[in-house]
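*Asks:* Sharing upload21.txt (compact mmCIF, N, CA and C atoms) below.
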```
# COMPACT_ATOMS: atom_id res chain seq x y z
N MET T 114 17.99 7.83 -13.31
CA MET T 114 19.17 7.20 -13.83
C MET T 114 19.43 5.90 -13.05
N THR T 115 19.78 4.86 -13.75
CA THR T 115 20.08 3.60 -13.09
C THR T 115 21.56 3.29 -13.18
N GLU T 116 22.01 2.47 -12.26
CA GLU T 116 23.40 2.05 -12.23
C GLU T 116 23.46 0.54 -12.17
N LYS T 117 24.52 0.00 -12.66
CA LYS T 117 24.72 -1.44 -12.68
C LYS T 117 25.14 -1.93 -11.30
N LEU T 118 24.54 -3.04 -10.85
CA LEU T 118 24.87 -3.67 -9.58
C LEU T 118 25.01 -5.16 -9.83
N THR T 119 26.08 -5.75 -9.39
CA THR T 119 26.30 -7.17 -9.57
C THR T 119 26.14 -7.86 -8.22
N LEU T 120 25.32 -8.89 -8.18
CA LEU T 120 25.09 -9.66 -6.97
C LEU T 120 25.58 -11.08 -7.17
N SER T 121 26.15 -11.65 -6.15
CA SER T 121 26.52 -13.06 -6.17
C SER T 121 25.53 -13.80 -5.30
N VAL T 122 24.80 -14.73 -5.89
CA VAL T 122 23.78 -15.48 -5.15
C VAL T 122 23.90 -16.96 -5.51
N PRO T 123 23.42 -17.82 -4.64
CA PRO T 123 23.41 -19.25 -4.96
C PRO T 123 22.53 -19.51 -6.19
N SER T 124 22.88 -20.52 -6.97
CA SER T 124 22.13 -20.80 -8.21
C SER T 124 20.67 -21.12 -7.91
N LYS T 125 20.39 -21.75 -6.77
CA LYS T 125 19.00 -22.05 -6.40
C LYS T 125 18.20 -20.76 -6.24
N PHE T 126 18.80 -19.76 -5.62
CA PHE T 126 18.16 -18.46 -5.44
C PHE T 126 17.92 -17.79 -6.79
N LYS T 127 18.89 -17.89 -7.68
CA LYS T 127 18.74 -17.29 -9.01
C LYS T 127 17.55 -17.89 -9.75
N ARG T 128 17.40 -19.21 -9.66
CA ARG T 128 16.26 -19.87 -10.33
C ARG T 128 14.94 -19.39 -9.74
N LYS T 129 14.88 -19.26 -8.41
CA LYS T 129 13.66 -18.77 -7.77
C LYS T 129 13.35 -17.34 -8.21
N ALA T 130 14.37 -16.52 -8.30
CA ALA T 130 14.19 -15.13 -8.72
C ALA T 130 13.68 -15.07 -10.16
N GLN T 131 14.19 -15.94 -11.01
CA GLN T 131 13.73 -15.96 -12.41
C GLN T 131 12.27 -16.38 -12.50
N VAL T 132 11.88 -17.37 -11.72
CA VAL T 132 10.48 -17.82 -11.72
C VAL T 132 9.57 -16.70 -11.22
N LEU T 133 9.95 -16.07 -10.12
CA LEU T 133 9.16 -14.97 -9.57
C LEU T 133 9.08 -13.81 -10.56
N SER T 134 10.17 -13.54 -11.23
CA SER T 134 10.21 -12.47 -12.23
C SER T 134 9.21 -12.74 -13.35
N ARG T 135 9.17 -13.96 -13.82
CA ARG T 135 8.21 -14.31 -14.89
C ARG T 135 6.77 -14.21 -14.40
N LYS T 136 6.52 -14.69 -13.18
CA LYS T 136 5.16 -14.65 -12.63
C LYS T 136 4.65 -13.22 -12.49
N ARG T 137 5.50 -12.33 -12.01
CA ARG T 137 5.09 -10.94 -11.77
C ARG T 137 5.29 -10.03 -12.99
N LYS T 138 5.90 -10.59 -14.03
CA LYS T 138 6.16 -9.85 -15.26
C LYS T 138 6.98 -8.58 -14.98
N LYS T 139 8.00 -8.76 -14.14
CA LYS T 139 8.92 -7.68 -13.81
C LYS T 139 10.33 -8.24 -13.86
N SER T 140 11.28 -7.38 -14.10
CA SER T 140 12.67 -7.83 -14.11
C SER T 140 13.12 -8.15 -12.69
N ILE T 141 14.17 -8.93 -12.59
CA ILE T 141 14.74 -9.23 -11.28
C ILE T 141 15.24 -7.94 -10.64
N SER T 142 15.76 -7.05 -11.44
CA SER T 142 16.22 -5.75 -10.92
C SER T 142 15.06 -4.98 -10.29
N ALA T 143 13.91 -4.97 -10.97
CA ALA T 143 12.74 -4.25 -10.44
C ALA T 143 12.27 -4.90 -9.14
N LEU T 144 12.29 -6.22 -9.07
CA LEU T 144 11.90 -6.92 -7.85
C LEU T 144 12.85 -6.57 -6.71
N PHE T 145 14.13 -6.49 -7.00
CA PHE T 145 15.12 -6.16 -5.99
C PHE T 145 14.92 -4.73 -5.47
N VAL T 146 14.65 -3.81 -6.38
CA VAL T 146 14.41 -2.42 -5.98
C VAL T 146 13.18 -2.34 -5.07
N GLU T 147 12.10 -3.04 -5.44
CA GLU T 147 10.89 -3.05 -4.60
C GLU T 147 11.19 -3.59 -3.21
N PHE T 148 11.97 -4.67 -3.16
CA PHE T 148 12.32 -5.27 -1.88
C PHE T 148 13.11 -4.29 -1.01
N VAL T 149 14.10 -3.65 -1.58
CA VAL T 149 14.93 -2.73 -0.81
C VAL T 149 14.11 -1.53 -0.33
N GLU T 150 13.24 -1.01 -1.19
CA GLU T 150 12.39 0.12 -0.79
C GLU T 150 11.45 -0.28 0.34
N ARG T 151 10.88 -1.48 0.25
CA ARG T 151 9.97 -1.95 1.30
C ARG T 151 10.71 -2.11 2.63
N GLU T 152 11.91 -2.65 2.58
CA GLU T 152 12.70 -2.82 3.81
C GLU T 152 13.10 -1.46 4.39
N ALA T 153 13.42 -0.51 3.54
CA ALA T 153 13.79 0.82 4.02
C ALA T 153 12.62 1.48 4.75
N LYS T 154 11.41 1.29 4.25
CA LYS T 154 10.23 1.86 4.90
C LYS T 154 9.99 1.24 6.26
N ARG T 155 10.29 -0.03 6.40
CA ARG T 155 10.08 -0.71 7.69
C ARG T 155 10.92 -0.09 8.79
N GLU T 156 12.07 0.41 8.46
CA GLU T 156 12.93 1.02 9.47
C GLU T 156 12.34 2.29 10.04
N LYS T 157 11.42 2.91 9.34
CA LYS T 157 10.81 4.15 9.80
C LYS T 157 9.50 3.90 10.54
N ASP T 158 9.26 2.66 10.91
CA ASP T 158 8.04 2.29 11.62
C ASP T 158 8.04 2.93 13.01
N PRO T 159 7.06 3.78 13.31
CA PRO T 159 7.04 4.46 14.61
C PRO T 159 6.83 3.52 15.79
N PHE T 160 6.32 2.31 15.53
CA PHE T 160 6.08 1.36 16.61
C PHE T 160 7.27 0.43 16.83
N ALA T 161 8.27 0.49 15.99
CA ALA T 161 9.37 -0.47 16.02
C ALA T 161 10.14 -0.44 17.34
N THR T 162 10.32 0.70 17.94
CA THR T 162 11.12 0.79 19.17
C THR T 162 10.30 0.53 20.43
N LEU T 163 9.01 0.35 20.30
CA LEU T 163 8.19 0.14 21.49
C LEU T 163 8.58 -1.11 22.26
N GLU T 164 8.97 -2.15 21.56
CA GLU T 164 9.35 -3.39 22.25
C GLU T 164 10.54 -3.15 23.18
N GLU T 165 11.48 -2.32 22.76
CA GLU T 165 12.63 -2.01 23.60
C GLU T 165 12.21 -1.16 24.81
N ILE T 166 11.34 -0.20 24.57
CA ILE T 166 10.92 0.73 25.63
C ILE T 166 10.04 0.02 26.66
N TRP T 167 9.12 -0.81 26.18
CA TRP T 167 8.13 -1.42 27.06
C TRP T 167 8.67 -2.60 27.84
N GLY T 168 9.70 -3.23 27.37
CA GLY T 168 10.31 -4.35 28.10
C GLY T 168 9.34 -5.47 28.43
N ASP T 169 8.97 -5.60 29.71
CA ASP T 169 8.14 -6.72 30.17
C ASP T 169 6.64 -6.43 30.13
N ASN T 170 6.23 -5.34 29.51
CA ASN T 170 4.81 -5.02 29.41
C ASN T 170 4.11 -6.15 28.64
N PRO T 171 2.90 -6.54 29.07
CA PRO T 171 2.24 -7.68 28.43
C PRO T 171 1.78 -7.42 26.98
N ILE T 172 1.69 -6.18 26.54
CA ILE T 172 1.26 -5.91 25.16
C ILE T 172 2.49 -5.75 24.27
N THR T 173 2.44 -6.37 23.10
CA THR T 173 3.56 -6.27 22.17
C THR T 173 3.33 -5.10 21.22
N ALA T 174 4.38 -4.70 20.53
CA ALA T 174 4.26 -3.63 19.55
C ALA T 174 3.28 -4.02 18.45
N GLU T 175 3.29 -5.29 18.08
CA GLU T 175 2.37 -5.76 17.03
C GLU T 175 0.91 -5.63 17.48
N GLU T 176 0.63 -6.00 18.72
CA GLU T 176 -0.73 -5.87 19.25
C GLU T 176 -1.16 -4.41 19.32
N LEU T 177 -0.25 -3.55 19.74
CA LEU T 177 -0.55 -2.12 19.81
C LEU T 177 -0.82 -1.55 18.42
N ARG T 178 -0.02 -1.98 17.44
CA ARG T 178 -0.21 -1.55 16.06
C ARG T 178 -1.60 -1.98 15.55
N GLU T 179 -1.99 -3.22 15.84
CA GLU T 179 -3.30 -3.71 15.42
C GLU T 179 -4.42 -2.89 16.03
N LYS T 180 -4.29 -2.56 17.33
CA LYS T 180 -5.32 -1.75 18.00
C LYS T 180 -5.40 -0.35 17.38
N ALA T 181 -4.24 0.22 17.08
CA ALA T 181 -4.23 1.57 16.50
C ALA T 181 -4.91 1.58 15.14
N TRP T 182 -4.69 0.57 14.34
CA TRP T 182 -5.26 0.54 12.99
C TRP T 182 -6.71 0.08 12.99
N SER T 183 -7.18 -0.55 14.06
CA SER T 183 -8.57 -1.03 14.08
C SER T 183 -9.54 0.04 14.51
N ARG T 184 -9.05 1.19 14.99
CA ARG T 184 -9.94 2.30 15.38
C ARG T 184 -10.66 2.85 14.17
N GLU T 185 -11.88 3.29 14.41
CA GLU T 185 -12.64 3.88 13.30
C GLU T 185 -12.87 5.34 13.50
```
Represent the structure contained in this file as structure tokens.
*Replies:*
Amino acid sequence: MTEKLTLSVPSKFKRKAQVLSRKRKKSISALFVEFVEREAKREKDPFATLEEIWGDNPITAEELREKAWSRE
């Protein structure tokens, strides 16, 4: 089930959203839902808090993430 949501955005942003919508052949609503879902997933990143924990350690969370994914 879907619900109506009204957003107030600058007209320049609206034009960009319309162009992107046509390029991807999806509604602006569908693009917005994808964006929100993607952002929600980022919050569950297990490496996200490493930067706070590690403080002055020379390796960043991004570098650690790259090393973890490069293992075979």
*Asks:* Identify which of the residues T:Arg151, T:Thr173, T:Thr119, T:Leu144 lies closest to Gln131 (chain T), counting only C-alpha atoms when measuring atom-to-atom distances.
*Replies:*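 Of T:Arg151, T:Thr173, T:Thr119, T:Leu144, the one nearest Gln131 (chain T) is T:Leu144, counting only C-alpha atoms.
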*Asks:* What is the atom C of Arg135 (chain T)-atom C of Leu118 (chain T) distance in Å, reported with one decimal?
*Replies:*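 So the two atoms, atom C of Arg135 (chain T) and atom C of Leu118 (chain T), lie 20.9 Å apart.
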*Asks:* Quote the spacing between CA of Glu147 (chain T) and CA of Lys180 (chain T) in Å to one decimal place.
*Replies:* 27.8 Å
